[in-house]
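First up is the structure itself, then whatever we jot down about it.
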Amino acid sequence: MQAFTTLNSAVIPLDRANVDTDAIIPKQFLKTIERQGLGKFLFFDWRYRAGDLTDPNADFVLNRVDLQGAQVLLAQQNFGCGSSREHAPWALADYGIRAVIAPSFADIFANNCVQNGILLITLPQETIDTLFLAARAAPLQVHIDLAAQELRSADGRRYAFDIAPGAKHKLLNGLDDIQMTLAHADVIRAYEAERSRQMPWLFREVQHG
Amino acid sequence: MTAQTLYDKLWEQHRILSEEDGRTLLYIDRHLLHEVTSPQAFSGLRAAGRKLWRVDANIATADHNVPTTDRAAGIADATSRLQVETLDRNCVEFGVEEYGMLDRRQGIVHVIAPEQGLTLPGMTVVCGDSHTATHGALGALAFGIGTTEVEHVLATQCLWARKSKNMRVWVEGTLPQGVTAKDLVLAIIGQIGTAGGTGHAIEFAGPGIEALSVEGRMTVCNMAIEAGARSGMVAPDAKTFAYLQGRPHAPQGDDWERAVAFWQTLHSDSDAQFDREIRIDASQLLPQVTWGTSPEMVLSVDAKVPDPAAAPDPVRREAWTRALEYMGLQAGTPISEIAVDKVFIGSCTNARIEDLRAAAEIVRGKRKADSVKAVLVVPGSGLVKAQAESEGLDQIFRDAGFEWREPGCSMCLAMNADRLEPGERCAATSNRNFEGRQGAGGRTHLVSPAMAAAAAIAGHFVDLRRWHG
């Protein structure tokens with residue numbers, strides 16, 4: 001997983017609440033058996049006219065000429081709600097999005113982002129409103145420093161943000177969970193043995209890997 | 001010992017260890033797999049040379065992509081076919097039991113696991129699908145996960161998680177005639193909003209929940225995620241035990257007695273504290289219909305489409321305006337005057353036998369309106385289908401001009417051939433009315449099976465309490 005330390009980027013202001021994962025990546029792109037290649041389908045129904053990849057919708061913010069290459073998305077409350085599809089963060093990451101800023105995020109989506117090196121920054125609604133105002137007309141450049149838990153906008157404002165220590169550590173170091181978990185294999189086996197003794201009906205035929 | 005909620009108990013019983021930062025390693029009893037969110041997890045295992053930690057904890061089926069017509073002909077769409085075949089191959093390679101497309105136990109993963117007794121009270125149940133919350137209806141801690149987590153569960157039988165807050169939705173009274181579990185959960189979402197349960201595990205409790213059948217409780221828990229909560233749950237009771245007894249993977253003999261004795265401890269202590277509690281009176285509810293593009297945009301059937309000018313804040317004013325435009329609706333239009341082009345009866349929310357019975361009861365002896373282009377009835381599993389056929393429900397639907405299909409997710413998310421065309425309006429018993437959910441440009445109104453059936457007959461939404469066909 002790609003580590004996240006600091007980032008300089010313009011902000012893409014997507015001024016909508018309850019952006020669901022169906023909107024981030026529609027169902028027809030979930031048929032893939034790969035993780036890569038979803039970036040061009042990100043926000044497909046909003047980004048292209050009549051489902052045509054060659055006909056971008058100029059009104060959609062991702063298509064703004066001055067925001068090409070931007071890696072930070074700014075959105076409204078409950079971003080990433082709905083389906084658990086990890087294809088949503090895969091599409092965001094494949095497009096190049098490394099951080100999303102919003103007043104709140106849906107739980108499963110938030111988990112999936114941490115697994116894919118995407119930093120989610122939760123800020124109060126008033127701060128979000130300020131950022132939208134600043135980002136609307138011309139690109140707003142921000143600097144994100146995860147270690148310092150600080151977002152700095154080009155107009156000099158600084159915003160501190162909270163992040164769970166575990167998620168921060170994982171993002172800063174680009175860590176894979178499975179290896180860390182398997183370090184506890186003995187504890188898991190002991191738990192499992194006790195559970196199968198107490199509740200044998202939960203086990204059909206246990207086989208250890 | 002301090003008083004515990006049901007969620008506290010389930011969490012504590014599965015806690016293997018906790019890190020100082022609050023992350024907990026949870027043991028997972030049951031892992032459900034389907035074709036859409038698992039291929040990348042299996043490739044990850046293969047790339048790292050890892051095997052499954054505990055093969056028997058897993059069960060797989062193909063549901064999202066499968067055709068609902070002529071199964072023997074296979075899957076026409078090449079990418080869908082590859083995804084389903086990839087699941088078959090992965091299950092063979094890693095030794096996972098799969099109910100394949102031609103198995104009569106095949107069906108929507110959230111329908112078949114309870115049906116087979118693969119979901120039991122006191123379990124942790126996960127699946128790469130947000131509607132895993134459904135299984136909480138049996139007193140399990142059940143929640144949806146992403147594909148990286150699917151891989152993690154396959155490799156370790158555990159998940160890292162952070163404990164949610166406790167929320168209780170207390171349902172007073174019982175539902176009036178013609179008002180169902182679906183209407184109840186839609187009304188709850190309307191009250192608390194699609195982010196109302198974010199960060200919380202919801203326990204549904206109270207006389208209105210106790211009065212529901214186990215299948216009705218599944219409908220309620222299924223949509224906990226539409227209220228923002230990863231998991232919803234109901235304390236198991238005599239109805240739960242009766243539902244489970246004799247199912248293929250339910251405990252038997254002495255184990256059954258021991259299991260029931262344990263399951264009876266799975267309830268919130270009387271003095272348990274909840275971080276948040278809301279109350280709703282089931283006896284005051286009317287049938288519900290969503291009018292917008294978020295499940296929280298829901299009203300009683302006797303209401304009118306709202307005016308964005310009356311929205312409580314600017315963010316919602318913007319969202320309502322956008323929703324009305326997408327839905328092709330005018331503020332002030334009575335819900336009962338909204339005409340539908342198609343009707344979908346199915347999904348993990350409402351494709352169990354009781355749902356089909358409720359729809360058939362409305363339909364018996366009637367015909368779909370000529371203005372309705374198609375009505376799809378898609379049972380939740382091969383066994384639900386067989387049961388419905390043995391009761392003659394399929395014939396009632398066919399006589400009414402409805403289409404009787406093979407089991408799968410179908411037009412809930414339109415990954416297979418079942419979908420809306422741009423601009424088409426659908427009464428759907430599924431769970432999401434997001435833009436494009438049932439097909440690009442499609443317009444979805446979420447309702448109960450009885451309301452969907454009545455809309456198919458009348459051609460528009462009707463107040464079931466006053467409607468006689």
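Scheme for the structure tokens: letters A, B, ... for chains in order shown; per-chain residue numbers from 1; ligand numbers from 1 in order shown.
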Neighbouring residues of Ala351 in chain B were defined as those with any atom within 9 Å, considering only C-alpha atoms; residues of the same chain fewer than 5 positions away were excluded. Please report them as a VMD selection string. chain B and resid 108 111 345 to 346 356 377 to 381 384 407 429 to 430 449
Tell me, counting only C-alpha atoms, for each residue of range 57-148 of chain A within 10 Å of range 177-194 of chain B, which pair of atoms is nearest and how far apart they are in Å to one decimal, in rows ordered by chain and increasing number, as a Markdown table.
| residue | atom | partner | partner_atom | distance |
| --- | --- | --- | --- | --- |
| A:Asn78 | CA | B:Thr194 | CA | 8.0 |
| A:Cys81 | CA | B:Thr194 | CA | 8.1 |
| A:Gly82 | CA | B:Thr194 | CA | 9.0 |
| A:Ala106 | CA | B:Thr194 | CA | 9.5 |
Write the residues of the selection above to a file with C-alpha atoms, as an mmCIF file, in the first residue's frame.
data_model
loop_
_atom_site.group_PDB
_atom_site.id
_atom_site.type_symbol
_atom_site.label_atom_id
_atom_site.label_comp_id
_atom_site.auth_asym_id
_atom_site.auth_seq_id
_atom_site.Cartn_x
_atom_site.Cartn_y
_atom_site.Cartn_z
ATOM 1 C CA ASN A 78 -21.959 11.495 4.667
ATOM 2 C CA CYS A 81 -22.587 6.153 1.905
ATOM 3 C CA GLY A 82 -24.314 3.035 0.572
ATOM 4 C CA ALA A 106 -19.810 6.669 5.914
#
TODO: Write down as a PyMOL selection string the residues of range 27-100 of chain A whose backbone DSSP state falls under alpha helix (DSSP H).
DONE: chain A and resi 44-47+87-95
Those residues you just picked out, can you put them in a file as a short mmCIF file (atom, residue, chain, number, x, y, z; two decimals), in the first residue's frame with all heavy atoms?
data_model
loop_
_atom_site.label_atom_id
_atom_site.label_comp_id
_atom_site.auth_asym_id
_atom_site.auth_seq_id
_atom_site.Cartn_x
_atom_site.Cartn_y
_atom_site.Cartn_z
N PHE A 44 -18.77 8.21 -13.07
CA PHE A 44 -19.09 8.02 -14.49
C PHE A 44 -20.35 8.76 -14.94
O PHE A 44 -20.34 9.48 -15.94
CB PHE A 44 -19.25 6.52 -14.76
CG PHE A 44 -19.48 6.17 -16.19
CD1 PHE A 44 -18.42 6.14 -17.09
CD2 PHE A 44 -20.75 5.85 -16.65
CE1 PHE A 44 -18.63 5.80 -18.42
CE2 PHE A 44 -20.96 5.52 -17.98
CZ PHE A 44 -19.90 5.50 -18.87
N ASP A 45 -21.45 8.60 -14.20
CA ASP A 45 -22.73 9.17 -14.67
C ASP A 45 -22.75 10.69 -14.61
O ASP A 45 -23.52 11.33 -15.34
CB ASP A 45 -23.90 8.61 -13.86
CG ASP A 45 -24.17 7.15 -14.19
OD1 ASP A 45 -23.77 6.71 -15.28
OD2 ASP A 45 -24.77 6.45 -13.35
N TRP A 46 -21.94 11.27 -13.74
CA TRP A 46 -21.89 12.72 -13.63
C TRP A 46 -20.82 13.31 -14.56
O TRP A 46 -20.92 14.44 -15.00
CB TRP A 46 -21.57 13.14 -12.18
CG TRP A 46 -22.65 12.77 -11.20
CD1 TRP A 46 -23.94 12.45 -11.51
CD2 TRP A 46 -22.53 12.69 -9.77
NE1 TRP A 46 -24.64 12.17 -10.35
CE2 TRP A 46 -23.80 12.31 -9.28
CE3 TRP A 46 -21.49 12.89 -8.86
CZ2 TRP A 46 -24.06 12.14 -7.92
CZ3 TRP A 46 -21.75 12.72 -7.51
CH2 TRP A 46 -23.02 12.35 -7.03
N ARG A 47 -19.81 12.49 -14.83
CA ARG A 47 -18.63 13.00 -15.50
C ARG A 47 -18.76 12.98 -17.03
O ARG A 47 -18.12 13.77 -17.72
CB ARG A 47 -17.45 12.14 -15.07
CG ARG A 47 -16.10 12.67 -15.42
CD ARG A 47 -15.09 11.90 -14.56
NE ARG A 47 -13.80 11.76 -15.19
CZ ARG A 47 -12.97 10.76 -14.95
NH1 ARG A 47 -13.32 9.80 -14.10
NH2 ARG A 47 -11.80 10.71 -15.53
N HIS A 87 -14.41 -0.91 -4.71
CA HIS A 87 -14.16 -0.32 -6.03
C HIS A 87 -14.23 1.21 -5.96
O HIS A 87 -13.62 1.89 -6.79
CB HIS A 87 -15.20 -0.83 -7.04
CG HIS A 87 -15.31 -2.33 -7.08
ND1 HIS A 87 -15.82 -3.07 -6.02
CD2 HIS A 87 -14.98 -3.23 -8.03
CE1 HIS A 87 -15.79 -4.36 -6.33
NE2 HIS A 87 -15.29 -4.48 -7.54
N ALA A 88 -14.94 1.75 -4.98
CA ALA A 88 -15.03 3.22 -4.85
C ALA A 88 -13.66 3.81 -4.50
O ALA A 88 -13.15 4.66 -5.25
CB ALA A 88 -16.10 3.60 -3.84
N PRO A 89 -13.03 3.39 -3.40
CA PRO A 89 -11.66 3.89 -3.17
C PRO A 89 -10.67 3.46 -4.25
O PRO A 89 -9.74 4.22 -4.56
CB PRO A 89 -11.27 3.33 -1.80
CG PRO A 89 -12.34 2.42 -1.39
CD PRO A 89 -13.55 2.69 -2.22
N TRP A 90 -10.85 2.29 -4.84
CA TRP A 90 -9.95 1.90 -5.94
C TRP A 90 -10.06 2.90 -7.08
O TRP A 90 -9.06 3.28 -7.69
CB TRP A 90 -10.28 0.49 -6.46
CG TRP A 90 -10.00 -0.62 -5.50
CD1 TRP A 90 -9.16 -0.58 -4.42
CD2 TRP A 90 -10.57 -1.95 -5.51
NE1 TRP A 90 -9.18 -1.79 -3.76
CE2 TRP A 90 -10.02 -2.65 -4.40
CE3 TRP A 90 -11.47 -2.60 -6.33
CZ2 TRP A 90 -10.37 -3.98 -4.12
CZ3 TRP A 90 -11.82 -3.92 -6.05
CH2 TRP A 90 -11.27 -4.60 -4.96
N ALA A 91 -11.29 3.30 -7.41
CA ALA A 91 -11.49 4.25 -8.51
C ALA A 91 -10.90 5.61 -8.14
O ALA A 91 -10.24 6.25 -8.96
CB ALA A 91 -12.97 4.36 -8.84
N LEU A 92 -11.13 6.04 -6.91
CA LEU A 92 -10.57 7.33 -6.47
C LEU A 92 -9.04 7.29 -6.55
O LEU A 92 -8.41 8.20 -7.09
CB LEU A 92 -11.01 7.63 -5.02
CG LEU A 92 -12.48 8.04 -4.84
CD1 LEU A 92 -12.87 7.95 -3.36
CD2 LEU A 92 -12.72 9.46 -5.35
N ALA A 93 -8.46 6.21 -6.01
CA ALA A 93 -7.00 6.10 -5.99
C ALA A 93 -6.43 6.01 -7.40
O ALA A 93 -5.42 6.63 -7.72
CB ALA A 93 -6.57 4.89 -5.16
N ASP A 94 -7.11 5.25 -8.25
CA ASP A 94 -6.63 5.06 -9.62
C ASP A 94 -6.69 6.38 -10.40
O ASP A 94 -5.85 6.65 -11.25
CB ASP A 94 -7.47 3.98 -10.32
CG ASP A 94 -6.82 3.51 -11.62
OD1 ASP A 94 -5.68 3.04 -11.57
OD2 ASP A 94 -7.47 3.63 -12.68
N TYR A 95 -7.69 7.20 -10.07
CA TYR A 95 -7.78 8.52 -10.70
C TYR A 95 -6.66 9.43 -10.21
O TYR A 95 -6.23 10.34 -10.91
CB TYR A 95 -9.14 9.15 -10.37
CG TYR A 95 -9.33 10.55 -10.90
CD1 TYR A 95 -9.76 10.77 -12.20
CD2 TYR A 95 -9.04 11.65 -10.09
CE1 TYR A 95 -9.92 12.06 -12.67
CE2 TYR A 95 -9.19 12.94 -10.56
CZ TYR A 95 -9.63 13.15 -11.85
OH TYR A 95 -9.77 14.43 -12.34
#
Here CA of Ala135 in chain A and CA of Ala195 in chain B stand apart by 25.5 Å
Report as JSON, numbers by chain all protein, DNA and RNA residues lying within 12 Å of Ala58 in chain A, evaluated on only C-alpha atoms, omitting residues in the same chain fewer than 4 positions from it. {"A": [46, 47, 48, 49, 54, 62, 63, 64, 65, 66]}
Got time to write the residues from that selection, C-alpha atoms, as a PDB file, in the first residue's frame?
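Output file again_1.pdb follows:
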ATOM      1  CA  TRP A  46     -21.886  12.721 -13.627  1.00  0.00           C
ATOM      2  CA  ARG A  47     -18.628  12.999 -15.505  1.00  0.00           C
ATOM      3  CA  TYR A  48     -19.734  11.929 -18.985  1.00  0.00           C
ATOM      4  CA  ARG A  49     -22.814  12.696 -21.035  1.00  0.00           C
ATOM      5  CA  THR A  54     -15.574  10.601 -25.237  1.00  0.00           C
ATOM      6  CA  LEU A  62     -13.846  16.874 -12.175  1.00  0.00           C
ATOM      7  CA  ASN A  63     -13.743  18.076 -15.773  1.00  0.00           C
ATOM      8  CA  ARG A  64     -12.683  21.624 -14.920  1.00  0.00           C
ATOM      9  CA  VAL A  65      -9.562  22.319 -16.964  1.00  0.00           C
ATOM     10  CA  ASP A  66      -7.844  24.096 -14.084  1.00  0.00           C
TER      11      ASP A  66
END
